[in-house]
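Student: Got a structure for you, upload.csv, holding CSV, C-alpha atoms.
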chain,number,residue,atom,x,y,z
B,231,MET,CA,94.6,134.8,90.1
B,232,ASN,CA,91.0,134.9,91.3
B,233,ASP,CA,87.8,135.2,89.4
B,234,LEU,CA,87.3,139.0,89.8
B,235,PRO,CA,89.7,141.9,89.1
B,236,PRO,CA,90.8,143.7,92.3
B,237,ALA,CA,88.8,146.8,93.2
B,238,GLY,CA,90.7,150.0,93.8
B,239,ALA,CA,94.0,149.1,92.1
B,240,PRO,CA,96.0,152.3,91.8
B,241,THR,CA,97.0,153.5,88.3
B,242,GLY,CA,100.1,151.8,87.1
B,243,ASP,CA,99.7,148.7,89.3
B,244,ILE,CA,99.1,145.3,87.6
B,245,ALA,CA,95.3,144.8,87.4
B,246,GLU,CA,93.9,141.3,87.5
B,247,VAL,CA,92.1,140.2,84.4
B,248,PRO,CA,89.8,137.2,84.5
B,249,VAL,CA,90.9,134.4,82.1
B,250,ALA,CA,88.4,132.0,80.5
B,251,GLN,CA,89.3,128.5,81.7
B,252,PRO,CA,86.4,126.1,81.0
B,253,ASN,CA,86.1,123.2,83.4
B,254,ARG,CA,89.0,124.4,85.5
B,255,VAL,CA,89.5,123.6,89.1
B,256,PRO,CA,89.1,126.9,91.1
B,257,TYR,CA,92.3,128.3,92.6
B,258,ALA,CA,91.8,131.3,94.9
B,259,GLY,CA,94.2,134.2,95.0
B,260,PRO,CA,94.8,137.5,96.8
B,261,VAL,CA,92.1,140.2,97.0
B,262,ALA,CA,94.5,143.0,96.0
B,263,GLY,CA,93.2,146.5,95.7
B,264,LEU,CA,92.4,148.4,98.9
B,265,PRO,CA,89.3,148.2,101.2
B,266,PRO,CA,87.2,151.4,101.6
B,267,GLN,CA,87.9,153.8,104.5
B,268,THR,CA,84.7,152.5,106.1
B,269,GLY,CA,86.1,149.0,106.3
B,270,MET,CA,86.7,147.3,109.7
B,271,THR,CA,90.2,146.7,110.9
B,272,THR,CA,89.4,143.5,112.7
B,273,ASP,CA,90.4,140.3,110.8
B,274,THR,CA,91.6,136.7,111.3
B,275,ALA,CA,95.2,137.7,110.8
B,276,VAL,CA,97.4,136.4,113.6
B,277,PHE,CA,101.1,135.7,114.3
B,278,THR,CA,102.0,133.6,117.3
B,279,GLU,CA,105.1,131.8,118.5
B,280,ALA,CA,103.8,128.6,116.9
B,281,TYR,CA,101.9,129.6,113.8
B,282,ALA,CA,100.7,132.5,111.6
B,283,VAL,CA,97.4,133.0,109.7
B,284,ILE,CA,97.6,135.5,106.8
B,285,PRO,CA,94.0,135.7,105.4
B,286,ARG,CA,93.2,136.6,101.8
B,287,THR,CA,91.6,139.9,102.9
B,288,VAL,CA,95.0,141.3,104.1
B,289,MET,CA,96.9,140.5,100.8
B,290,ARG,CA,96.5,144.0,99.4
B,291,ASP,CA,98.4,146.3,97.0
B,292,ILE,CA,100.4,148.1,99.7
B,293,VAL,CA,102.0,144.8,100.9
B,294,THR,CA,103.3,143.7,97.5
B,295,SER,CA,107.0,143.4,96.7
B,296,TYR,CA,109.1,143.5,93.6
B,297,LEU,CA,112.4,141.7,92.5
B,298,PRO,CA,115.4,142.8,90.5
B,299,GLY,CA,115.7,141.3,87.1
B,300,TRP,CA,111.9,140.9,86.6
B,301,THR,CA,109.5,142.9,84.5
B,302,GLY,CA,105.8,143.3,84.9
B,303,MET,CA,105.6,141.5,88.2
B,304,ARG,CA,104.6,142.0,91.8
B,305,MET,CA,104.3,139.5,94.6
B,306,TRP,CA,103.0,138.8,98.0
B,307,MET,CA,105.7,137.3,100.2
B,308,ILE,CA,103.7,135.1,102.5
B,309,ALA,CA,106.6,133.1,104.1
B,310,ARG,CA,110.3,133.6,104.7
B,311,PRO,CA,112.8,132.0,107.1
B,312,LEU,CA,112.6,133.6,110.5
B,313,SER,CA,114.9,132.5,113.3
B,314,GLY,CA,113.0,130.7,116.0
B,315,PHE,CA,110.0,130.2,113.7
B,316,ALA,CA,109.8,128.3,110.3
B,317,GLU,CA,113.4,128.3,108.9
B,318,THR,CA,113.5,126.2,105.8
B,319,PHE,CA,111.6,128.0,103.0
B,320,SER,CA,110.1,131.1,101.4
B,321,GLN,CA,106.8,131.2,99.5
B,322,TYR,CA,105.6,133.9,97.2
B,323,ILE,CA,102.3,134.6,95.3
B,324,VAL,CA,103.4,136.2,92.0
B,325,GLU,CA,101.3,138.2,89.6
B,326,LEU,CA,102.8,138.6,86.1
B,327,ALA,CA,101.4,141.2,83.6
B,328,GLU,CA,101.2,140.3,79.9
B,329,GLY,CA,104.8,139.9,78.6
B,330,GLY,CA,106.2,140.0,82.1
B,331,GLY,CA,108.8,137.6,83.5
B,332,SER,CA,112.5,137.1,84.0
B,333,ASP,CA,115.5,135.5,82.2
B,334,ASN,CA,117.2,135.0,85.6
B,335,PRO,CA,114.6,134.5,88.3
B,336,ASP,CA,117.2,133.7,91.0
B,337,ASP,CA,121.0,133.8,90.8
B,338,ASP,CA,121.6,131.7,93.9
B,339,PRO,CA,122.9,128.3,92.6
B,340,GLU,CA,122.1,126.5,95.8
B,341,ILE,CA,118.3,127.2,95.7
B,342,GLN,CA,115.7,124.8,94.3
B,343,HIS,CA,112.3,126.1,93.2
B,344,ALA,CA,108.8,124.9,92.7
B,345,LEU,CA,106.0,126.7,90.8
B,346,PHE,CA,102.2,126.2,90.8
B,347,VAL,CA,100.0,128.1,88.4
B,348,THR,CA,96.7,129.4,89.7
B,349,GLY,CA,95.5,131.7,86.8
B,350,GLY,CA,96.4,132.4,83.2
B,351,GLU,CA,99.2,130.7,81.4
B,352,MET,CA,103.0,131.1,81.4
B,353,SER,CA,106.0,129.7,79.7
B,354,VAL,CA,108.7,128.1,81.9
B,355,THR,CA,112.0,127.2,80.3
B,356,ILE,CA,114.3,124.8,82.2
B,357,ASP,CA,117.7,123.9,80.8
B,358,GLY,CA,116.6,125.0,77.3
B,359,ALA,CA,113.3,123.0,77.3
B,360,GLU,CA,110.2,125.3,77.1
B,361,HIS,CA,106.9,124.3,78.9
B,362,LEU,CA,103.6,126.0,78.8
B,363,LEU,CA,101.9,125.8,82.2
B,364,ARG,CA,98.1,126.5,82.7
B,365,PRO,CA,96.2,126.5,86.0
B,366,GLY,CA,97.1,123.5,87.9
B,367,GLY,CA,100.5,123.3,86.2
B,368,PHE,CA,103.5,122.5,88.4
B,369,ALA,CA,107.2,122.9,87.7
B,370,TYR,CA,110.2,121.8,89.9
B,371,VAL,CA,113.5,123.5,89.1
B,372,PRO,CA,116.6,121.8,90.6
B,373,PRO,CA,119.4,123.9,92.2
B,374,GLY,CA,122.0,125.2,89.8
B,375,THR,CA,119.7,125.0,86.8
B,376,ILE,CA,119.3,127.7,84.1
B,377,TRP,CA,115.6,128.6,83.9
B,378,SER,CA,113.3,131.5,82.9
B,379,VAL,CA,109.6,132.5,83.2
B,380,LYS,CA,107.4,134.6,80.9
B,381,ASN,CA,103.8,135.4,80.6
B,382,THR,CA,103.1,134.9,76.9
B,383,THR,CA,99.3,135.1,77.0
B,384,PRO,CA,96.8,138.0,77.2
B,385,GLY,CA,96.0,139.2,80.6
B,386,ASN,CA,97.7,138.3,83.9
B,387,THR,CA,99.2,135.1,85.2
B,388,GLY,CA,99.3,134.1,88.8
B,389,PHE,CA,101.5,131.4,90.4
B,390,HIS,CA,103.0,130.3,93.7
B,391,TRP,CA,106.7,130.1,94.0
B,392,TRP,CA,108.6,128.1,96.7
B,393,ARG,CA,112.3,128.5,97.3
B,394,LYS,CA,114.4,126.2,99.5
B,395,ARG,CA,118.1,125.7,99.8
B,396,TRP,CA,118.7,122.1,98.7
B,397,GLN,CA,120.6,120.0,101.3
B,398,PRO,CA,123.2,117.8,99.5
B,399,VAL,CA,124.0,114.3,100.8
B,400,GLU,CA,127.0,112.3,99.9
B,401,GLY,CA,126.0,109.8,97.2
B,402,VAL,CA,122.7,111.5,96.5
B,403,ARG,CA,122.5,113.4,93.2
B,404,ARG,CA,120.3,116.4,92.7
B,405,PRO,CA,116.7,115.9,91.6
B,406,ASP,CA,115.6,116.1,88.0
B,407,PRO,CA,113.2,118.8,86.7
B,408,ILE,CA,109.5,118.0,87.0
B,409,ILE,CA,106.6,119.3,84.9
B,410,ALA,CA,103.2,118.0,85.9
B,411,GLN,CA,99.5,118.9,85.8
B,412,GLU,CA,97.4,118.5,88.9
B,413,GLN,CA,94.3,117.4,87.0
B,414,ASP,CA,96.3,114.5,85.4
B,415,ILE,CA,97.5,113.0,88.8
B,416,ALA,CA,95.3,110.6,90.7
B,417,PRO,CA,95.2,111.6,94.4
B,418,SER,CA,96.7,109.1,96.8
B,419,MET,CA,93.9,108.3,99.3
B,420,MET,CA,94.8,108.2,103.0
B,421,PRO,CA,94.0,104.7,104.4
B,422,ASP,CA,91.0,104.2,106.7
B,423,THR,CA,89.3,107.4,105.5
B,424,ASP,CA,86.8,105.9,103.1
B,425,GLY,CA,88.0,108.3,100.4
B,426,ALA,CA,87.4,111.4,102.5
B,427,TRP,CA,91.1,112.6,102.5
B,428,GLY,CA,93.5,112.4,99.5
B,429,THR,CA,96.9,113.9,98.5
B,430,THR,CA,98.0,114.9,95.0
B,431,ARG,CA,101.8,114.4,94.9
B,432,PHE,CA,104.1,116.2,92.6
B,433,MET,CA,107.3,114.5,94.0
B,434,ASP,CA,107.7,110.8,94.5
B,435,PRO,CA,107.7,110.3,98.3
B,436,ALA,CA,110.2,107.4,97.9
B,437,ASP,CA,112.7,109.7,96.0
B,438,LEU,CA,115.2,110.7,98.7
B,439,ARG,CA,116.8,113.2,96.4
B,440,HIS,CA,113.9,115.6,97.4
B,441,ASP,CA,114.2,117.4,100.7
B,442,MET,CA,110.9,119.2,100.2
B,443,HIS,CA,107.4,118.1,99.0
B,444,ILE,CA,104.7,120.2,97.4
B,445,THR,CA,101.3,118.6,97.3
B,446,VAL,CA,97.6,119.4,97.0
B,447,VAL,CA,95.6,118.1,99.9
B,448,THR,CA,91.8,117.5,99.4
B,449,PHE,CA,89.1,116.7,101.9
B,450,LYS,CA,85.5,115.9,101.1
B,451,PRO,CA,82.9,117.8,103.2
B,452,GLY,CA,83.1,116.4,106.7
B,453,GLY,CA,86.5,114.9,106.2
B,454,SER,CA,89.0,115.5,108.9
B,455,ILE,CA,92.5,115.1,110.2
B,456,PRO,CA,91.3,113.1,113.2
B,457,PHE,CA,94.3,113.6,115.5
B,458,ALA,CA,96.6,116.4,116.5
B,459,GLU,CA,99.5,116.0,114.1
B,460,THR,CA,102.7,117.0,115.9
B,461,HIS,CA,105.9,116.6,113.9
B,462,VAL,CA,109.2,118.1,112.8
B,463,MET,CA,108.1,119.2,109.3
B,464,GLU,CA,107.4,122.9,108.8
B,465,HIS,CA,104.3,123.7,106.8
B,466,GLY,CA,102.9,126.3,104.5
B,467,LEU,CA,99.2,125.7,103.7
B,468,PHE,CA,97.5,127.9,101.2
B,469,VAL,CA,93.7,127.3,100.8
B,470,LEU,CA,92.7,126.9,97.1
B,471,GLU,CA,89.1,126.1,97.6
B,472,GLY,CA,86.4,125.4,100.3
B,473,LYS,CA,86.4,126.1,104.0
B,474,ALA,CA,87.4,124.3,107.2
B,475,VAL,CA,88.0,124.8,110.9
B,476,TYR,CA,91.7,124.2,111.4
B,477,ARG,CA,93.4,123.5,114.7
B,478,LEU,CA,96.7,125.4,115.1
B,479,ASN,CA,98.5,124.7,118.4
B,480,ARG,CA,95.7,125.4,121.0
B,481,ASP,CA,93.4,127.3,118.7
B,482,TRP,CA,90.7,126.5,116.2
B,483,VAL,CA,90.6,128.9,113.3
B,484,GLU,CA,88.1,129.0,110.4
B,485,VAL,CA,89.8,129.4,107.0
B,486,GLY,CA,88.7,129.7,103.4
B,487,PRO,CA,89.8,130.3,99.9
B,488,GLY,CA,93.0,132.4,99.6
B,489,ASP,CA,93.9,132.1,103.3
B,490,PHE,CA,97.5,131.1,104.2
B,491,MET,CA,98.6,129.1,107.3
B,492,TRP,CA,102.3,129.0,108.3
B,493,LEU,CA,103.3,126.4,110.9
B,494,ARG,CA,106.7,126.0,112.7
B,495,ALA,CA,108.0,122.5,113.5
B,496,PHE,CA,106.0,120.6,116.1
B,497,CYS,CA,103.0,122.9,116.0
B,498,PRO,CA,99.9,120.6,116.6
B,499,GLN,CA,97.4,120.6,113.8
B,500,ALA,CA,94.1,119.0,112.8
B,501,CYS,CA,91.1,120.0,110.8
B,502,TYR,CA,87.4,119.5,109.9
B,503,ALA,CA,86.3,120.3,106.4
B,504,GLY,CA,83.2,122.4,106.5
B,505,GLY,CA,81.6,121.9,103.0
B,506,PRO,CA,79.4,122.3,101.1
B,507,GLY,CA,82.2,121.5,98.5
B,508,PRO,CA,85.7,120.0,98.9
B,509,PHE,CA,88.4,121.7,101.1
B,510,ARG,CA,91.7,121.9,99.2
B,511,TYR,CA,95.1,123.4,99.9
B,512,LEU,CA,98.6,123.6,98.7
B,513,LEU,CA,101.0,122.1,101.2
B,514,TYR,CA,104.8,122.6,101.7
B,515,LYS,CA,106.8,120.5,104.0
B,516,ASP,CA,110.5,119.7,104.5
B,517,VAL,CA,111.5,116.0,104.4
B,518,ASN,CA,114.2,113.4,104.1
B,519,ARG,CA,117.1,115.0,105.9
B,520,HIS,CA,118.8,115.0,109.3
B,521,ALA,CA,117.8,117.9,111.6
B,522,PRO,CA,120.6,120.5,111.4
B,523,MET,CA,122.6,120.8,114.7
B,524,TRP,CA,123.0,124.6,114.2
B,525,PRO,CA,120.4,127.1,112.9
B,526,ASN,CA,120.4,127.5,109.1
B,527,ARG,CA,123.2,125.0,108.6
Could you rewrite the structure in this file as structure tokens?

Tutor:
Amino acid sequence: MNDLPPAGAPTGDIAEVPVAQPNRVPYAGPVAGLPPQTGMTTDTAVFTEAYAVIPRTVMRDIVTSYLPGWTGMRMWMIARPLSGFAETFSQYIVELAEGGGSDNPDDDPEIQHALFVTGGEMSVTIDGAEHLLRPGGFAYVPPGTIWSVKNTTPGNTGFHWWRKRWQPVEGVRRPDPIIAQEQDIAPSMMPDTDGAWGTTRFMDPADLRHDMHITVVTFKPGGSIPFAETHVMEHGLFVLEGKAVYRLNRDWVEVGPGDFMWLRAFCPQACYAGGPGPFRYLLYKDVNRHAPMWPNR
């Protein structure tokens, strides 16, 4: 999932294997392995009442999880619903060994899924149709859909996996599956930014069947969010490339490739992209539905 195999991976764990991907857009992933005993325990990891920062350097072997019904997989669970915090979604970073996967990734028929491949290649079958996803590949799986995942290529595959309970609305049918490739989608440029800020959209913002959006946000060096966004949408932001100083509530935090930010509703946010290259991140947000009057309903 990153460019180098993790150091210090224990015997039997999935070791990360670099995959040749000419002209690919870089996608950062966890460090894995374990730091030496001489390593410092200070880090940028923080959990507050309004936001959390989970830096790449703390995504190590000892914090991985596994799931029933899967083979050759491990994952970093970087977001899950927490009462009083972000409550709508979970987000995993999954590593699949060669031949690993699942014929029944999730048996909850109310859950919708989104996948974004960061390294290697994998086969995703949705309602009997097979698709091969390479880095930058995206798949949306509607609720109640039969689907499966398998790493059919040499070496490891890495991908992000979002899960959210779809909120039905009378007269609104469930969304259709989506297969897309980031590199094939022209970013939508934010107005009045002179091309400094763009968003690659995998879902149509006008399609009200969707109650979540997954996008890739890109800032040119020096680009910024020039005001403190304060809104109802929860966010998961995973940095794919570059660096920035990000405002989270009252704090300014420097973030870089592989870092994850998790924001509850109404947490103020802004950023300055630091360069020298573009600053890019995966963004989750919940959209297009009434606010529930009771928690988790």

Student: Go through B:Ala426, B:Ile415, B:Met289, B:Met352 one by one, measure the shortest atom-to-atom distance of each to B:Gly452 using only C-alpha atoms, and give the residue with the smallest value.

Tutor: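 That would be B:Ala426, the residue with the smallest distance to B:Gly452.
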
Student: What does the distance between atom CA of B:Ala309 and atom CA of B:His390 come to in Å, to one decimal place?

Tutor: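 Here the two named atoms are 11.4 Å from each other.
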
Student: Between atom CA of B:Gly259 and atom CA of B:Pro487, what is the spacing in Å?

Tutor: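 Straight-line distance from atom CA of B:Pro487 to atom CA of B:Gly259 works out to 7.7 Å.
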
Student: Using all atoms listed in the file, which residue out of B:Pro522, B:Asp424, B:Thr460, B:Lys450 lies closest to B:Gly505?

Tutor: B:Lys450

Student: Quick one: residues within 12 Å of B:Glu360, only C-alpha atoms, excluding same-chain residues fewer than 6 positions away - as an mmCIF file with C-alpha atoms, keeping the file's coordinate frame?

Tutor:
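Printed below is part26.cif as written:
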data_model
loop_
_atom_site.group_PDB
_atom_site.id
_atom_site.type_symbol
_atom_site.label_atom_id
_atom_site.label_comp_id
_atom_site.auth_asym_id
_atom_site.auth_seq_id
_atom_site.Cartn_x
_atom_site.Cartn_y
_atom_site.Cartn_z
ATOM 1 C CA MET B 352 103.000 131.100 81.400
ATOM 2 C CA SER B 353 106.000 129.700 79.700
ATOM 3 C CA VAL B 354 108.700 128.100 81.900
ATOM 4 C CA ALA B 369 107.200 122.900 87.700
ATOM 5 C CA ILE B 376 119.300 127.700 84.100
ATOM 6 C CA TRP B 377 115.600 128.600 83.900
ATOM 7 C CA SER B 378 113.300 131.500 82.900
ATOM 8 C CA VAL B 379 109.600 132.500 83.200
ATOM 9 C CA LYS B 380 107.400 134.600 80.900
ATOM 10 C CA THR B 382 103.100 134.900 76.900
ATOM 11 C CA PRO B 407 113.200 118.800 86.700
ATOM 12 C CA ILE B 409 106.600 119.300 84.900
#
